[in-house]
$ cat input35.pdb   # PDB, C-alpha atoms and all ligand atoms
ATOM      1  CA  MET F  26     127.805 151.977 177.349  1.00  0.00           C
ATOM      2  CA  GLU F  27     125.591 154.757 178.617  1.00  0.00           C
ATOM      3  CA  LYS F  28     122.266 153.912 180.207  1.00  0.00           C
ATOM      4  CA  LEU F  29     118.863 155.080 179.088  1.00  0.00           C
ATOM      5  CA  LYS F  30     117.672 158.023 181.122  1.00  0.00           C
ATOM      6  CA  PRO F  31     114.122 158.099 182.477  1.00  0.00           C
ATOM      7  CA  CYS F  32     111.333 159.314 180.205  1.00  0.00           C
ATOM      8  CA  PRO F  33     111.552 163.116 179.678  1.00  0.00           C
ATOM      9  CA  PHE F  34     107.748 163.373 179.842  1.00  0.00           C
ATOM     10  CA  CYS F  35     106.683 161.237 182.774  1.00  0.00           C
ATOM     11  CA  GLY F  36     109.915 160.062 184.413  1.00  0.00           C
ATOM     12  CA  GLY F  37     109.051 156.433 183.688  1.00  0.00           C
ATOM     13  CA  LYS F  38     111.511 153.687 182.900  1.00  0.00           C
ATOM     14  CA  ALA F  39     112.825 153.609 179.336  1.00  0.00           C
ATOM     15  CA  VAL F  40     113.312 150.192 177.788  1.00  0.00           C
ATOM     16  CA  PHE F  41     114.595 148.554 174.632  1.00  0.00           C
ATOM     17  CA  ARG F  42     111.875 146.641 172.802  1.00  0.00           C
ATOM     18  CA  THR F  43     112.612 144.268 169.999  1.00  0.00           C
ATOM     19  CA  LYS F  44     110.230 144.651 167.094  1.00  0.00           C
ATOM     20  CA  SER F  45     111.521 142.078 164.672  1.00  0.00           C
ATOM     21  CA  ASN F  46     114.145 139.463 164.233  1.00  0.00           C
ATOM     22  CA  ASN F  47     116.490 139.893 161.272  1.00  0.00           C
ATOM     23  CA  SER F  48     118.343 136.623 161.631  1.00  0.00           C
ATOM     24  CA  SER F  49     119.742 134.781 158.659  1.00  0.00           C
ATOM     25  CA  HIS F  50     121.828 131.659 158.366  1.00  0.00           C
ATOM     26  CA  HIS F  51     125.003 133.623 159.165  1.00  0.00           C
ATOM     27  CA  SER F  52     123.874 136.360 161.505  1.00  0.00           C
ATOM     28  CA  VAL F  53     121.443 137.191 164.247  1.00  0.00           C
ATOM     29  CA  GLY F  54     119.878 140.588 164.451  1.00  0.00           C
ATOM     30  CA  PHE F  55     117.091 142.646 165.887  1.00  0.00           C
ATOM     31  CA  THR F  56     115.230 145.725 164.917  1.00  0.00           C
ATOM     32  CA  PHE F  57     114.387 147.529 168.118  1.00  0.00           C
ATOM     33  CA  GLU F  58     112.935 150.705 169.451  1.00  0.00           C
ATOM     34  CA  VAL F  59     113.223 152.595 172.688  1.00  0.00           C
ATOM     35  CA  GLU F  60     110.085 153.398 174.573  1.00  0.00           C
ATOM     36  CA  CYS F  61     108.798 154.462 177.949  1.00  0.00           C
ATOM     37  CA  GLU F  62     107.249 151.597 179.871  1.00  0.00           C
ATOM     38  CA  ASP F  63     104.782 153.906 181.567  1.00  0.00           C
ATOM     39  CA  CYS F  64     103.434 156.373 178.993  1.00  0.00           C
ATOM     40  CA  GLY F  65     104.442 154.517 175.818  1.00  0.00           C
ATOM     41  CA  MET F  66     106.337 157.467 174.357  1.00  0.00           C
ATOM     42  CA  LYS F  67     108.846 156.133 171.822  1.00  0.00           C
ATOM     43  CA  LEU F  68     111.521 157.384 169.490  1.00  0.00           C
ATOM     44  CA  PRO F  69     110.254 158.039 165.965  1.00  0.00           C
ATOM     45  CA  SER F  70     112.794 155.767 164.318  1.00  0.00           C
ATOM     46  CA  ASN F  71     113.837 152.156 164.764  1.00  0.00           C
ATOM     47  CA  PHE F  72     117.373 150.904 165.311  1.00  0.00           C
ATOM     48  CA  VAL F  73     119.155 147.656 164.535  1.00  0.00           C
ATOM     49  CA  MET F  74     121.851 145.412 165.878  1.00  0.00           C
ATOM     50  CA  ASP F  75     123.368 142.378 164.161  1.00  0.00           C
ATOM     51  CA  ILE F  76     126.018 139.923 165.253  1.00  0.00           C
ATOM     52  CA  SER F  77     127.638 136.868 163.744  1.00  0.00           C
ATOM     53  CA  LEU F  78     129.917 134.093 164.915  1.00  0.00           C
ATOM     54  CA  THR F  79     133.428 134.171 163.490  1.00  0.00           C
ATOM     55  CA  GLU F  80     135.521 131.165 162.517  1.00  0.00           C
ATOM     56  CA  ASP F  81     137.518 131.768 165.724  1.00  0.00           C
ATOM     57  CA  GLY F  82     134.392 131.491 167.819  1.00  0.00           C
ATOM     58  CA  GLU F  83     134.268 135.190 168.601  1.00  0.00           C
ATOM     59  CA  ILE F  84     131.203 137.353 168.403  1.00  0.00           C
ATOM     60  CA  ASN F  85     131.497 139.719 165.483  1.00  0.00           C
ATOM     61  CA  VAL F  86     129.375 142.854 165.738  1.00  0.00           C
ATOM     62  CA  LEU F  87     128.109 143.778 162.293  1.00  0.00           C
ATOM     63  CA  ASN F  88     125.798 146.597 163.309  1.00  0.00           C
ATOM     64  CA  ASP F  89     125.163 148.071 166.702  1.00  0.00           C
ATOM     65  CA  LEU F  90     122.980 151.136 166.894  1.00  0.00           C
ATOM     66  CA  ARG F  91     122.371 150.785 170.636  1.00  0.00           C
ATOM     67  CA  PRO F  92     124.703 153.718 171.513  1.00  0.00           C
ATOM     68  CA  GLN F  93     122.971 155.862 168.915  1.00  0.00           C
ATOM     69  CA  ALA F  94     119.543 154.875 170.254  1.00  0.00           C
ATOM     70  CA  ILE F  95     120.619 155.718 173.808  1.00  0.00           C
ATOM     71  CA  ARG F  96     122.094 159.044 172.725  1.00  0.00           C
ATOM     72  CA  THR F  97     118.963 159.919 170.762  1.00  0.00           C
ATOM     73  CA  TRP F  98     116.728 159.038 173.699  1.00  0.00           C
ATOM     74  CA  ASN F  99     118.855 160.837 176.283  1.00  0.00           C
ATOM     75  CA  THR F 100     119.037 164.073 174.299  1.00  0.00           C
ATOM     76  CA  ARG F 101     115.294 164.173 173.657  1.00  0.00           C
ATOM     77  CA  VAL F 102     113.435 167.008 175.356  1.00  0.00           C
TER      78      VAL F 102
HETATM   79 ZN    ZN F 201     106.933 158.243 179.867  1.00  0.00          ZN
END
$ encode --input "input35.pdb" --output "structure tokens" --more "lines below"
Ligand SMILES: [Zn+2]
Amino acid sequence: MEKLKPCPFCGGKAVFRTKSNNSSHHSVGFTFEVECEDCGMKLPSNFVMDISLTEDGEINVLNDLRPQAIRTWNTRV
């Protein structure tokens, strides 16, 4: 997976921040955003990721918008 590039405005460190927990009995999920640790600039939309445990004991990824969040952040000017 690509890494978040530094903030396009101040060069600060960009981080994933969880906003809420979407867990249910069968799955665990987060709504998250990407923001700059230094100036607080953030993407206008939120993203989600959800996983569940399969009967075989594997992690099943239901939703994973991390790559999209990274792409959106890295192409921002
Ligand atoms: Zn910044």
$ resolve_selection --input "input35.pdb" --expression "the PyMOL selection byres (((not hetatm)) within 7 of (chain F and resi 201))" --output "PDB file with C-alpha atoms, in the coordinates of the input"
ATOM      1  CA  CYS F  32     111.333 159.314 180.205  1.00  0.00           C
ATOM      2  CA  PRO F  33     111.552 163.116 179.678  1.00  0.00           C
ATOM      3  CA  PHE F  34     107.748 163.373 179.842  1.00  0.00           C
ATOM      4  CA  CYS F  35     106.683 161.237 182.774  1.00  0.00           C
ATOM      5  CA  GLY F  36     109.915 160.062 184.413  1.00  0.00           C
ATOM      6  CA  GLY F  37     109.051 156.433 183.688  1.00  0.00           C
ATOM      7  CA  CYS F  61     108.798 154.462 177.949  1.00  0.00           C
ATOM      8  CA  GLU F  62     107.249 151.597 179.871  1.00  0.00           C
ATOM      9  CA  ASP F  63     104.782 153.906 181.567  1.00  0.00           C
ATOM     10  CA  CYS F  64     103.434 156.373 178.993  1.00  0.00           C
ATOM     11  CA  GLY F  65     104.442 154.517 175.818  1.00  0.00           C
ATOM     12  CA  MET F  66     106.337 157.467 174.357  1.00  0.00           C
TER      13      MET F  66
END
$ resolve_selection --input "input35.pdb" --expression "the PyMOL selection byres (((chain F and resi 86) around 9) and not hetatm)" --output "PyMOL selection string"
chain F and resi 74-78+84-85+87-89
$ atom_distance --input "input35.pdb" --atom1 "atom CA of Val59 of chain F" --atom2 "atom CA of Pro31 of chain F"
11.3 Å
$ atom_distance --input "input35.pdb" --atom1 "atom CA of Glu58 of chain F" --atom2 "atom CA of Asn71 of chain F"
5.0 Å
$ resolve_selection --input "input35.pdb" --expression "the PyMOL selection byres (((chain F and resi 26) around 7) and not hetatm)" --output "PDB file with C-alpha atoms, keeping the file's coordinate frame"
ATOM      1  CA  GLU F  27     125.591 154.757 178.617  1.00  0.00           C
ATOM      2  CA  LYS F  28     122.266 153.912 180.207  1.00  0.00           C
ATOM      3  CA  PRO F  92     124.703 153.718 171.513  1.00  0.00           C
TER       4      PRO F  92
END
$ atom_distance --input "input35.pdb" --atom1 "atom CA of Gly54 of chain F" --atom2 "atom CA of Arg42 of chain F"
13.1 Å
$ residues_around --input "input35.pdb" --residues "Phe57 of chain F" --least-positions-apart "6" --cutoff "7 Å" --atoms "all atoms listed in the file" --output "list of chain:residue names"
F:Phe41, F:Arg42, F:Thr43, F:Lys44, F:Asn71, F:Phe72, F:Val73
$ closest_residue --input "input35.pdb" --among "F:Leu68, F:His51, F:Val40, F:Glu83" --to "Trp98 of chain F" --atoms "only C-alpha atoms"
F:Leu68
$ decode --input "input35.pdb" --residues "segment 49-82 of chain F" --atoms "C-alpha atoms" --output "short mmCIF file (atom, residue, chain, number, x, y, z; two decimals), in the first residue's frame"
data_model
loop_
_atom_site.label_atom_id
_atom_site.label_comp_id
_atom_site.auth_asym_id
_atom_site.auth_seq_id
_atom_site.Cartn_x
_atom_site.Cartn_y
_atom_site.Cartn_z
CA SER F 49 -21.42 -4.93 15.07
CA HIS F 50 -21.67 -8.46 16.37
CA HIS F 51 -20.15 -9.83 13.14
CA SER F 52 -17.77 -7.14 11.98
CA VAL F 53 -15.41 -4.47 13.17
CA GLY F 54 -15.13 -1.21 11.34
CA PHE F 55 -13.98 2.36 11.50
CA THR F 56 -14.94 5.57 9.88
CA PHE F 57 -11.76 7.56 9.47
CA GLU F 58 -10.37 10.68 7.96
CA VAL F 59 -6.96 11.81 6.85
CA GLU F 60 -5.56 14.96 8.30
CA CYS F 61 -2.36 16.89 8.77
CA GLU F 62 -1.02 16.64 12.30
CA ASP F 63 0.46 20.11 12.12
CA CYS F 64 -2.05 22.43 10.42
CA GLY F 65 -5.18 20.29 10.79
CA MET F 66 -5.99 20.35 7.08
CA LYS F 67 -8.19 17.34 6.29
CA LEU F 68 -9.90 15.71 3.36
CA PRO F 69 -13.51 16.84 2.91
CA SER F 70 -14.92 13.33 3.03
CA ASN F 71 -14.67 10.42 5.44
CA PHE F 72 -13.67 6.87 4.56
CA VAL F 73 -14.46 3.48 6.05
CA MET F 74 -12.91 0.10 6.59
CA ASP F 75 -14.65 -3.02 7.88
CA ILE F 76 -13.38 -6.51 8.57
CA SER F 77 -14.89 -9.72 9.86
CA LEU F 78 -13.64 -13.08 11.03
CA THR F 79 -14.44 -15.99 8.75
CA GLU F 80 -15.34 -19.51 9.83
CA ASP F 81 -11.80 -20.53 8.79
CA GLY F 82 -10.30 -17.99 11.15
#
